[in-house]
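Shown next: start.txt, containing compact mmCIF, C-alpha atoms.
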# COMPACT_ATOMS: atom_id res chain seq x y z
CA MET U 871 -16.52 13.01 6.91
CA THR U 872 -18.07 14.84 9.83
CA GLU U 873 -21.47 14.68 11.48
CA GLY U 874 -24.09 16.52 9.52
CA SER U 875 -22.60 15.96 6.09
CA PRO U 876 -25.46 16.00 3.61
CA ASP U 877 -24.45 12.67 2.02
CA ARG U 878 -23.53 10.90 5.24
CA ASP U 879 -26.13 8.16 4.79
CA LEU U 880 -25.08 7.48 1.23
CA LEU U 881 -21.44 7.16 2.27
CA ALA U 882 -22.42 4.87 5.13
CA ARG U 883 -24.04 2.55 2.63
CA LEU U 884 -20.75 2.30 0.74
CA ARG U 885 -19.40 0.63 3.89
CA GLU U 886 -21.96 -2.16 3.75
CA GLY U 887 -22.26 -5.25 1.64
CA GLU U 888 -18.81 -6.83 1.67
CA SER U 889 -17.84 -9.88 3.63
CA MET U 890 -14.65 -11.85 3.45
CA PRO U 891 -15.43 -15.47 2.52
CA GLU U 892 -14.32 -18.18 4.92
CA SER U 893 -12.26 -19.75 2.15
CA LEU U 894 -10.18 -16.58 1.95
CA VAL U 895 -9.55 -16.59 5.70
CA GLU U 896 -8.48 -20.23 5.42
CA GLY U 897 -6.24 -19.40 2.48
CA VAL U 898 -4.48 -16.69 4.47
CA MET U 899 -3.99 -18.94 7.49
CA LYS U 900 -2.68 -21.75 5.31
CA ARG U 901 -0.01 -19.46 3.90
CA VAL U 902 0.69 -18.02 7.35
CA SER U 903 1.30 -21.52 8.68
CA VAL U 904 4.30 -21.94 6.37
CA ALA U 905 5.46 -18.31 6.39
CA GLN U 906 8.44 -17.06 8.32
CA ARG U 907 7.40 -16.52 11.92
CA PRO U 908 7.31 -12.81 12.87
CA ARG U 909 9.62 -11.67 15.62
CA ARG U 910 9.34 -8.65 17.82
CA ALA U 911 11.65 -5.88 16.55
CA THR U 912 14.20 -4.82 19.14
CA ALA U 913 16.98 -2.29 18.99
CA LEU U 914 19.49 -5.13 19.37
CA ARG U 915 17.99 -7.10 16.51
CA ARG U 916 17.81 -4.04 14.27
CA GLY U 917 21.46 -3.39 14.98
CA ALA U 918 22.40 -6.98 14.23
CA SER U 919 20.47 -6.90 10.95
CA TYR U 920 22.25 -3.73 9.94
CA LEU U 921 25.65 -5.25 10.64
CA LEU U 922 24.78 -8.39 8.67
CA ALA U 923 23.59 -6.30 5.74
CA ALA U 924 26.74 -4.21 5.86
CA ALA U 925 28.88 -7.34 5.93
CA ALA U 926 27.08 -8.68 2.87
CA VAL U 927 27.96 -5.69 0.73
CA LEU U 928 30.49 -6.75 -1.86
CA ILE U 929 30.57 -3.90 -4.28
CA VAL U 930 30.46 -0.12 -4.22
CA ALA U 931 28.61 1.55 -7.03
CA VAL U 932 29.23 4.96 -8.49
CA THR U 933 25.65 6.08 -8.91
CA GLY U 934 22.12 4.79 -9.34
CA ALA U 935 21.17 1.18 -8.66
CA THR U 936 23.90 -1.35 -9.28
CA MET U 937 24.34 -4.81 -7.87
CA ARG U 938 26.49 -7.76 -7.06
CA ARG U 939 25.11 -11.25 -7.60
CA GLU U 940 25.33 -13.93 -4.96
CA THR U 941 23.57 -17.28 -4.97
CA GLY U 942 19.97 -16.41 -5.80
CA THR U 943 20.16 -12.92 -4.31
CA ALA U 944 22.01 -9.72 -4.99
CA THR U 945 23.15 -6.74 -2.97
CA VAL U 946 21.97 -3.68 -4.85
CA ARG U 947 23.34 -0.25 -4.03
CA PHE U 948 20.83 2.55 -4.48
CA GLN U 949 22.54 5.91 -4.59
CA ILE U 950 21.53 9.45 -5.41
CA ASN U 951 23.11 12.86 -5.35
CA VAL U 952 20.48 15.26 -4.04
CA PRO U 953 20.98 18.79 -5.34
CA SER U 954 18.85 20.38 -2.57
CA PRO U 955 21.14 21.16 0.40
CA GLY U 956 18.26 21.43 2.88
CA VAL U 957 17.20 17.80 2.55
CA ARG U 958 17.38 16.02 5.93
CA THR U 959 16.33 12.47 5.07
CA VAL U 960 16.27 10.30 1.97
CA THR U 961 14.54 6.93 1.99
CA LEU U 962 13.93 4.20 -0.53
CA ALA U 963 10.49 2.81 -1.37
CA GLY U 964 9.67 0.15 -3.91
CA ASP U 965 8.05 -3.15 -4.76
CA PHE U 966 10.56 -4.87 -2.48
CA ASN U 967 9.40 -3.14 0.73
CA GLY U 968 5.71 -2.61 -0.02
CA TRP U 969 6.40 1.03 -0.98
CA ASN U 970 6.89 1.85 2.67
CA PRO U 971 8.56 5.29 2.68
CA SER U 972 10.07 4.86 6.14
CA SER U 973 11.64 1.40 6.27
CA VAL U 974 14.82 1.88 4.20
CA PRO U 975 16.76 5.09 5.01
CA LEU U 976 19.75 6.12 2.90
CA VAL U 977 22.98 7.19 4.58
CA HIS U 978 24.47 10.58 3.70
CA ASP U 979 28.16 10.83 2.86
CA ALA U 980 29.12 14.41 3.74
CA ARG U 981 32.37 14.09 1.78
CA THR U 982 30.78 13.21 -1.57
CA GLY U 983 27.31 14.56 -0.94
CA ALA U 984 25.78 11.25 -2.02
CA TRP U 985 23.05 9.32 -0.23
CA SER U 986 23.16 5.53 -0.49
CA VAL U 987 21.87 2.25 0.87
CA ASP U 988 22.51 -1.40 0.06
CA VAL U 989 19.56 -3.75 -0.24
CA ASN U 990 19.56 -7.53 -0.68
CA LEU U 991 17.13 -8.56 -3.43
CA VAL U 992 16.18 -11.84 -5.03
CA GLY U 993 16.05 -11.95 -8.83
CA GLY U 994 13.19 -9.98 -10.35
CA ARG U 995 12.03 -6.64 -11.71
CA TYR U 996 11.43 -3.90 -9.16
CA ALA U 997 9.93 -0.44 -9.39
CA TYR U 998 11.28 2.04 -6.85
CA ALA U 999 11.61 5.71 -5.97
CA PHE U 1000 13.49 7.92 -3.54
CA VAL U 1001 11.58 9.89 -0.91
CA LEU U 1002 13.03 13.21 0.28
CA ASP U 1003 12.11 14.32 3.81
CA GLY U 1004 9.25 11.82 3.84
CA GLU U 1005 7.22 13.83 1.35
CA ARG U 1006 8.83 14.42 -2.02
CA TRP U 1007 8.94 11.35 -4.26
CA ILE U 1008 11.49 11.38 -7.05
CA ALA U 1009 12.62 8.83 -9.60
CA ASP U 1010 16.22 7.69 -9.84
CA PRO U 1011 17.75 10.07 -12.43
CA THR U 1012 20.13 7.36 -13.59
CA ALA U 1013 17.67 4.49 -14.07
CA PRO U 1014 14.90 3.68 -16.58
CA LEU U 1015 11.61 5.39 -15.73
CA ILE U 1016 8.16 3.92 -15.54
CA PRO U 1017 6.09 6.26 -17.74
CA ASP U 1018 3.16 6.47 -15.30
CA ASP U 1019 2.46 4.31 -12.31
CA GLY U 1020 -1.13 5.54 -12.17
CA PHE U 1021 -0.77 7.03 -8.70
CA GLY U 1022 0.81 10.34 -9.52
CA ARG U 1023 4.36 9.66 -8.49
CA PRO U 1024 7.50 8.96 -10.48
CA SER U 1025 9.33 5.65 -10.19
CA SER U 1026 12.24 3.81 -11.74
CA ILE U 1027 13.00 0.22 -12.59
CA VAL U 1028 15.81 -2.08 -11.57
CA VAL U 1029 16.04 -5.63 -12.90
CA VAL U 1030 18.00 -8.13 -10.84
CA SER U 1031 19.05 -11.12 -12.87
CA GLN U 1032 21.60 -13.89 -12.55
CA ARG U 1033 23.92 -11.74 -14.64
CA GLY U 1034 23.49 -8.50 -12.71
CA ALA U 1035 21.40 -5.37 -12.48
CA GLU U 1036 20.05 -4.20 -15.84
CA MET Z 457 -9.46 -8.56 22.97
CA THR Z 458 -7.82 -5.61 21.23
CA ASP Z 459 -5.82 -5.73 18.02
CA ALA Z 460 -2.67 -5.07 20.05
CA ASP Z 461 -3.50 -8.07 22.26
CA LEU Z 462 -3.85 -10.30 19.20
CA VAL Z 463 -0.58 -9.00 17.77
CA GLY Z 464 1.10 -9.76 21.10
CA ARG Z 465 -0.19 -13.32 21.04
CA VAL Z 466 1.06 -13.87 17.48
CA LEU Z 467 4.48 -12.48 18.37
CA GLY Z 468 4.44 -14.71 21.42
CA GLY Z 469 4.24 -17.76 19.15
CA ASP Z 470 0.48 -18.29 18.75
CA ALA Z 471 0.09 -17.98 14.97
CA SER Z 472 -3.58 -18.98 15.17
CA ALA Z 473 -4.32 -15.65 16.89
CA PHE Z 474 -3.71 -14.02 13.52
CA THR Z 475 -7.11 -15.42 12.45
CA GLY Z 476 -8.74 -12.86 14.73
CA LEU Z 477 -7.02 -10.01 12.92
CA VAL Z 478 -7.93 -11.43 9.50
CA GLU Z 479 -11.59 -11.85 10.47
CA ARG Z 480 -11.75 -8.43 12.08
CA HIS Z 481 -10.20 -6.47 9.19
CA GLY Z 482 -10.88 -8.71 6.19
CA ASP Z 483 -14.25 -7.27 5.19
CA ARG Z 484 -12.93 -3.72 5.00
CA ALA Z 485 -9.83 -4.86 3.18
CA LEU Z 486 -11.81 -6.74 0.57
CA ARG Z 487 -14.21 -3.84 0.13
CA TYR Z 488 -11.34 -1.43 -0.51
CA ALA Z 489 -9.42 -3.79 -2.81
CA ARG Z 490 -12.49 -4.63 -4.91
CA ARG Z 491 -13.16 -0.97 -5.57
CA MET Z 492 -9.51 -0.24 -6.34
CA LEU Z 493 -9.07 -3.22 -8.67
CA ASP Z 494 -12.58 -3.49 -10.19
CA ASN Z 495 -12.33 -7.25 -9.98
CA ARG Z 496 -13.23 -9.63 -7.18
CA GLU Z 497 -10.60 -12.25 -7.99
CA ASP Z 498 -7.74 -9.73 -8.12
CA ALA Z 499 -9.06 -8.13 -4.93
CA GLU Z 500 -9.06 -11.42 -3.02
CA GLU Z 501 -5.52 -12.14 -4.17
CA ALA Z 502 -4.33 -8.69 -3.11
CA VAL Z 503 -5.99 -9.01 0.29
CA GLN Z 504 -4.48 -12.42 0.86
CA ASP Z 505 -1.02 -11.18 -0.12
CA ALA Z 506 -1.42 -8.15 2.15
CA PHE Z 507 -2.33 -10.27 5.17
CA VAL Z 508 0.60 -12.63 4.63
CA ARG Z 509 2.95 -9.66 4.23
CA ALA Z 510 1.50 -8.12 7.40
CA TYR Z 511 2.04 -11.37 9.29
CA THR Z 512 5.72 -11.59 8.40
CA ALA Z 513 6.21 -7.88 9.19
CA LEU Z 514 4.19 -7.96 12.42
CA GLY Z 515 7.30 -7.39 14.54
CA ARG Z 516 7.53 -3.88 13.10
CA TYR Z 517 3.98 -2.96 14.12
CA GLU Z 518 3.97 -0.39 16.94
CA GLU Z 519 1.11 -0.32 19.43
CA ARG Z 520 0.73 3.46 19.21
CA GLN Z 521 -0.55 2.98 15.66
CA ARG Z 522 -4.05 1.79 14.83
CA PHE Z 523 -3.58 -1.72 13.48
CA GLN Z 524 -6.12 -1.04 10.77
CA ALA Z 525 -4.17 1.97 9.51
CA TRP Z 526 -0.88 0.06 9.65
CA PHE Z 527 -2.39 -2.87 7.77
CA PHE Z 528 -4.03 -0.61 5.19
CA GLY Z 529 -0.62 0.85 4.43
CA ILE Z 530 0.38 -2.61 3.27
CA LEU Z 531 -2.90 -3.20 1.46
CA VAL Z 532 -2.74 0.10 -0.42
CA ASN Z 533 0.62 -0.91 -1.83
CA GLU Z 534 -0.54 -4.42 -2.68
CA CYS Z 535 -3.40 -2.90 -4.67
CA ARG Z 536 -1.04 -0.49 -6.41
CA MET Z 537 1.26 -3.34 -7.39
CA ALA Z 538 -1.65 -5.47 -8.58
CA ALA Z 539 -3.02 -2.60 -10.67
CA ARG Z 540 0.40 -1.90 -12.15
CA LYS Z 541 0.93 -5.57 -12.96
CA ARG Z 542 -2.44 -5.85 -14.61
CA ARG Z 543 -1.96 -2.62 -16.57
CA ARG Z 544 1.22 -4.07 -18.00
CA GLN Z 545 -0.58 -7.27 -18.94
CA GLU Z 546 -3.73 -6.00 -20.55
CA ARG Z 547 -4.10 -2.21 -20.45
CA TRP Z 548 -7.25 -2.76 -18.45
CA LEU Z 549 -10.48 -0.90 -18.94
CA VAL Z 550 -11.66 1.80 -16.59
CA VAL Z 551 -14.92 0.03 -15.80
CA SER Z 552 -15.51 -3.67 -16.29
CA ASP Z 553 -18.87 -5.43 -16.48
CA GLU Z 554 -17.75 -7.62 -13.61
CA ALA Z 555 -17.29 -4.62 -11.32
CA THR Z 556 -20.82 -3.48 -12.00
CA LEU Z 557 -22.23 -6.94 -11.38
CA ASP Z 558 -20.23 -7.36 -8.15
CA THR Z 559 -21.54 -4.07 -6.86
CA ARG Z 560 -25.12 -4.84 -7.64
CA ALA Z 561 -24.99 -8.32 -6.14
CA ALA Z 562 -23.43 -7.03 -2.92
CA SER Z 563 -25.97 -4.26 -2.57
CA VAL Z 564 -29.00 -6.40 -3.32
CA GLY Z 565 -27.82 -8.96 -0.79
CA ASN Z 566 -28.03 -6.37 1.94
CA GLY Z 567 -31.29 -4.88 0.87
CA VAL Z 568 -29.87 -1.46 0.12
CA TYR Z 569 -29.88 -1.53 -3.65
CA ASP Z 570 -31.20 1.50 -5.40
CA GLY Z 571 -30.26 3.46 -8.46
CA ARG Z 572 -28.22 6.14 -6.71
CA LEU Z 573 -25.93 3.69 -4.94
CA GLU Z 574 -25.31 1.69 -8.10
CA GLU Z 575 -24.64 4.87 -10.04
CA LEU Z 576 -22.21 6.03 -7.35
CA GLU Z 577 -20.32 2.72 -7.50
CA ARG Z 578 -19.94 3.11 -11.26
CA GLU Z 579 -18.72 6.67 -10.87
CA ILE Z 580 -16.19 5.63 -8.23
CA ALA Z 581 -14.88 2.96 -10.61
CA ARG Z 582 -14.38 5.63 -13.27
CA LEU Z 583 -12.31 7.92 -11.05
CA PRO Z 584 -8.57 8.12 -11.79
CA ALA Z 585 -6.65 5.83 -9.44
CA THR Z 586 -5.20 8.64 -7.32
CA LEU Z 587 -8.59 10.24 -6.72
CA ARG Z 588 -10.33 6.93 -6.10
CA GLU Z 589 -7.67 5.85 -3.63
CA ALA Z 590 -7.87 9.12 -1.66
CA PHE Z 591 -11.68 9.18 -1.66
CA LEU Z 592 -12.04 5.57 -0.49
CA LEU Z 593 -9.46 5.93 2.27
CA ARG Z 594 -10.98 9.17 3.56
CA HIS Z 595 -14.73 8.76 3.21
CA VAL Z 596 -15.30 5.01 3.08
CA GLU Z 597 -12.50 3.64 5.27
CA GLU Z 598 -12.54 6.81 7.42
CA MET Z 599 -8.78 7.29 7.73
CA ASP Z 600 -7.44 10.64 8.89
CA TYR Z 601 -5.06 12.59 6.70
CA ALA Z 602 -1.98 11.80 8.78
CA GLU Z 603 -2.67 8.09 8.35
CA MET Z 604 -3.31 8.56 4.64
CA HIS Z 605 -0.02 10.42 4.29
CA ALA Z 606 1.84 7.56 5.98
CA MET Z 607 0.29 4.92 3.74
CA THR Z 608 0.34 6.70 0.37
CA GLY Z 609 3.43 8.88 0.55
CA ALA Z 610 1.42 11.86 -0.72
CA GLY Z 611 1.41 15.18 1.16
CA VAL Z 612 -1.62 16.14 3.24
CA SER Z 613 -2.53 19.15 1.08
CA ALA Z 614 -2.30 17.02 -2.07
CA LEU Z 615 -4.50 14.37 -0.47
CA LYS Z 616 -7.10 16.95 0.53
CA MET Z 617 -7.15 18.24 -3.03
CA ARG Z 618 -7.59 14.72 -4.41
CA VAL Z 619 -10.46 14.03 -2.01
CA LYS Z 620 -12.13 17.30 -2.95
CA ARG Z 621 -11.77 16.62 -6.66
CA ALA Z 622 -13.18 13.13 -6.17
CA CYS Z 623 -16.16 14.46 -4.20
CA ASP Z 624 -16.80 17.07 -6.87
CA ALA Z 625 -16.68 14.43 -9.60
CA LEU Z 626 -19.04 12.19 -7.61
CA ARG Z 627 -21.26 15.12 -6.62
CA ILE Z 628 -20.86 14.08 -2.98
CA ARG Z 629 -21.43 16.83 -0.43
CA VAL Z 630 -19.34 16.51 2.72
CA GLU Z 631 -18.14 18.83 5.43
CA GLU Z 632 -14.42 18.37 5.79
CA GLU Z 633 -12.26 19.11 8.79
CA ARG Z 634 -10.11 22.22 8.45
Please express the file's structure as structure tokens.
Amino acid sequence: MTEGSPDRDLLARLREGESMPESLVEGVMKRVSVAQRPRRATALRRGASYLLAAAAVLIVAVTGATMRRETGTATVRFQINVPSPGVRTVTLAGDFNGWNPSSVPLVHDARTGAWSVDVNLVGGRYAYAFVLDGERWIADPTAPLIPDDGFGRPSSIVVVSQRGAE
Amino acid sequence: MTDADLVGRVLGGDASAFTGLVERHGDRALRYARRMLDNREDAEEAVQDAFVRAYTALGRYEERQRFQAWFFGILVNECRMAARKRRRQERWLVVSDEATLDTRAASVGNGVYDGRLEELEREIARLPATLREAFLLRHVEEMDYAEMHAMTGAGVSALKMRVKRACDALRIRVEEER
């Protein structure tokens, strides 16, 4: 909103009247005290993480989200063939990365035309979507759809179990 | 001490410095989550989860970003996940009695209660999730459209349309940037 908006005062009042209780601050800090300590991201560490992830890949899928079970976790390959030739980037967003559209890029295989990435997931049910060029959200055409996520974007479901992706 | 200073201290091994970030951004986070989830208990849980997720991901925060915008990106998704989870569980109502009571109590406590504000809170709670999300981020949390794009995944023109539709539905008159 800009200065001079007729309802500026009314909107300002919507910003009042909420305070975070001390118990909630304490609850956060209690969980933080046992959480994994954050580490500064460096190019070297990002490279090492990528190599470790690549080494953990045990299976190559044909299309869509498929997985390989290891003890308690699974490496899931997310793959999509994008019909639009002008697409420059494809990323993966879902419950597993806080729906961040920039943290998991897919790699393009010029030979097959497919984009893919392998992600380590613990057992559970995850909604996800592909993001083309950082703007266009599309569901996985080979996976079950969520009818409506309430936020105007399509998404798919992958279930990681002890038996495999469903 | 700036947010970036606090982040630097946490990354340097002083986890207690994270308290400063929680105290500084908690009120806004709770305000947003309560309006998105229509329920104080769910909102507190979402805020707590968002802060813990932010803590573990703090190494990926870049100083050129506003910490608040970076953190809200996480919070927006926590609220979406909470809403989706609850929708699966109970097909929740658009407006709950609890949301109305929460609103009134908060407003009375600050001496700003009147009929128009209470009515506006009820109308915000009735907005479809996409419109409510865009309106709150733009006109209550005062994010710019580039920040909103980064945190929601929606295009800027789509976001502007959602904000306009929300303002029309709420009969709020604002002068937007071009």
Would you write out, as CSV, a table of all residues in chain Z that have an atom no more than 6 Å from an atom of chain U, listing for each the closest atom pair and the distance in Å to one decimal, considering only C-alpha atoms and ordering rows by chain and rising residue number?
residue,atom,partner,partner_atom,distance
Z:Leu467,CA,U:Arg909,CA,5.9
Z:Gly482,CA,U:Met890,CA,5.6
Z:Asp483,CA,U:Ser889,CA,4.7
Z:Arg487,CA,U:Glu888,CA,5.7
Z:Gln504,CA,U:Val898,CA,5.6
Z:Thr512,CA,U:Pro908,CA,4.9
Z:Leu514,CA,U:Pro908,CA,5.8
Z:Gly515,CA,U:Arg910,CA,4.1
Z:Arg516,CA,U:Ala911,CA,5.7
Z:Asn533,CA,U:Gly968,CA,5.7
Z:Ala562,CA,U:Gly887,CA,5.0
Z:Ser563,CA,U:Gly887,CA,5.7
Z:Asn566,CA,U:Gly887,CA,5.9
Z:Thr586,CA,U:Phe1021,CA,4.9
Z:His595,CA,U:Met871,CA,5.9
Z:Gly611,CA,U:Glu1005,CA,6.0
Z:Arg629,CA,U:Asp877,CA,5.7
Z:Val630,CA,U:Ser875,CA,4.7
Z:Glu631,CA,U:Ser875,CA,5.3
Z:Glu632,CA,U:Met871,CA,5.9
For range 603-614 of chain Z, what centre and edge lengths in Å (one decimal) does the axis-aligned box get once 6 Å is added on each side of all its listed atoms, as AutoDock Vina command-line options?
--center_x 0.1 --center_y 12.0 --center_z 3.1 --size_x 18.7 --size_y 26.2 --size_z 22.4
Practice problem: Please identify all polymer residues within 12 Å of Leu587 in chain Z, counting all atoms listed in the file, omitting same-chain residues fewer than 4 positions from it, and present them as a PyMOL selection string. | Solution: (chain U and resi 1020-1022) or (chain Z and resi 492+579-583+591-595+608+610+614-626)
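Taking CA of Leu576 in chain Z and CA of Asp494 in chain Z as endpoints, the distance between them is 13.8 Å.
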Incomplete range 490-500 of chain Z brought to all heavy atoms, written out as a compact mmCIF listing (two decimals), keeping the file's coordinate frame:
# COMPACT_ATOMS: atom_id res chain seq x y z
N ARG Z 490 -11.58 -4.41 -3.77
CA ARG Z 490 -12.49 -4.63 -4.91
C ARG Z 490 -12.74 -3.32 -5.64
O ARG Z 490 -12.76 -3.27 -6.87
CB ARG Z 490 -13.81 -5.21 -4.41
CG ARG Z 490 -14.81 -5.45 -5.53
CD ARG Z 490 -16.10 -6.05 -5.02
NE ARG Z 490 -16.78 -5.22 -4.05
CZ ARG Z 490 -17.47 -4.10 -4.34
NH1 ARG Z 490 -17.56 -3.71 -5.58
NH2 ARG Z 490 -18.08 -3.41 -3.40
N ARG Z 491 -12.89 -2.25 -4.89
CA ARG Z 491 -13.16 -0.97 -5.57
C ARG Z 491 -11.90 -0.44 -6.26
O ARG Z 491 -11.99 0.23 -7.28
CB ARG Z 491 -13.68 0.05 -4.56
CG ARG Z 491 -15.10 -0.26 -4.11
CD ARG Z 491 -15.73 0.89 -3.36
NE ARG Z 491 -17.14 0.64 -3.11
CZ ARG Z 491 -17.65 0.46 -1.88
NH1 ARG Z 491 -16.88 0.53 -0.82
NH2 ARG Z 491 -18.94 0.23 -1.73
N MET Z 492 -10.74 -0.72 -5.71
CA MET Z 492 -9.51 -0.24 -6.34
C MET Z 492 -9.16 -1.06 -7.58
O MET Z 492 -8.57 -0.54 -8.53
CB MET Z 492 -8.34 -0.29 -5.37
CG MET Z 492 -8.32 0.84 -4.34
SD MET Z 492 -8.45 2.51 -5.04
CE MET Z 492 -6.97 2.61 -6.04
N LEU Z 493 -9.50 -2.35 -7.58
CA LEU Z 493 -9.07 -3.22 -8.67
C LEU Z 493 -10.20 -3.59 -9.63
O LEU Z 493 -9.95 -4.22 -10.66
CB LEU Z 493 -8.43 -4.49 -8.09
CG LEU Z 493 -7.16 -4.22 -7.26
CD1 LEU Z 493 -6.69 -5.48 -6.54
CD2 LEU Z 493 -6.05 -3.69 -8.13
N ASP Z 494 -11.42 -3.24 -9.31
CA ASP Z 494 -12.58 -3.49 -10.19
C ASP Z 494 -12.76 -4.97 -10.50
O ASP Z 494 -13.31 -5.31 -11.56
CB ASP Z 494 -12.44 -2.72 -11.52
CG ASP Z 494 -12.43 -1.23 -11.31
OD1 ASP Z 494 -13.04 -0.78 -10.33
OD2 ASP Z 494 -11.81 -0.54 -12.14
N ASN Z 495 -12.28 -5.83 -9.65
CA ASN Z 495 -12.33 -7.25 -9.98
C ASN Z 495 -12.22 -8.05 -8.68
O ASN Z 495 -11.27 -7.87 -7.92
CB ASN Z 495 -11.17 -7.58 -10.92
CG ASN Z 495 -11.09 -9.04 -11.27
OD1 ASN Z 495 -10.74 -9.86 -10.42
ND2 ASN Z 495 -11.40 -9.37 -12.49
N ARG Z 496 -13.18 -8.89 -8.45
CA ARG Z 496 -13.23 -9.63 -7.18
C ARG Z 496 -12.03 -10.58 -7.01
O ARG Z 496 -11.44 -10.67 -5.94
CB ARG Z 496 -14.54 -10.43 -7.14
CG ARG Z 496 -14.71 -11.32 -5.95
CD ARG Z 496 -15.30 -10.54 -4.79
NE ARG Z 496 -15.40 -11.37 -3.61
CZ ARG Z 496 -16.14 -11.08 -2.57
NH1 ARG Z 496 -16.86 -9.98 -2.55
NH2 ARG Z 496 -16.18 -11.85 -1.52
N GLU Z 497 -11.69 -11.26 -8.08
CA GLU Z 497 -10.60 -12.25 -7.99
C GLU Z 497 -9.27 -11.57 -7.67
O GLU Z 497 -8.52 -12.00 -6.79
CB GLU Z 497 -10.50 -13.01 -9.32
CG GLU Z 497 -9.58 -14.20 -9.26
CD GLU Z 497 -9.58 -14.96 -10.59
OE1 GLU Z 497 -10.64 -14.99 -11.26
OE2 GLU Z 497 -8.53 -15.51 -10.94
N ASP Z 498 -8.97 -10.48 -8.39
CA ASP Z 498 -7.74 -9.73 -8.12
C ASP Z 498 -7.75 -9.16 -6.70
O ASP Z 498 -6.73 -9.11 -6.02
CB ASP Z 498 -7.57 -8.59 -9.12
CG ASP Z 498 -7.22 -9.10 -10.51
OD1 ASP Z 498 -6.94 -10.31 -10.64
OD2 ASP Z 498 -7.25 -8.30 -11.46
N ALA Z 499 -8.94 -8.71 -6.27
CA ALA Z 499 -9.06 -8.13 -4.93
C ALA Z 499 -8.76 -9.18 -3.85
O ALA Z 499 -8.03 -8.91 -2.89
CB ALA Z 499 -10.46 -7.56 -4.73
N GLU Z 500 -9.30 -10.37 -4.01
CA GLU Z 500 -9.06 -11.42 -3.02
C GLU Z 500 -7.57 -11.78 -2.96
O GLU Z 500 -7.01 -12.02 -1.90
CB GLU Z 500 -9.91 -12.65 -3.34
CG GLU Z 500 -11.39 -12.41 -3.11
CD GLU Z 500 -12.21 -13.69 -3.15
OE1 GLU Z 500 -11.61 -14.78 -3.34
OE2 GLU Z 500 -13.44 -13.61 -2.99
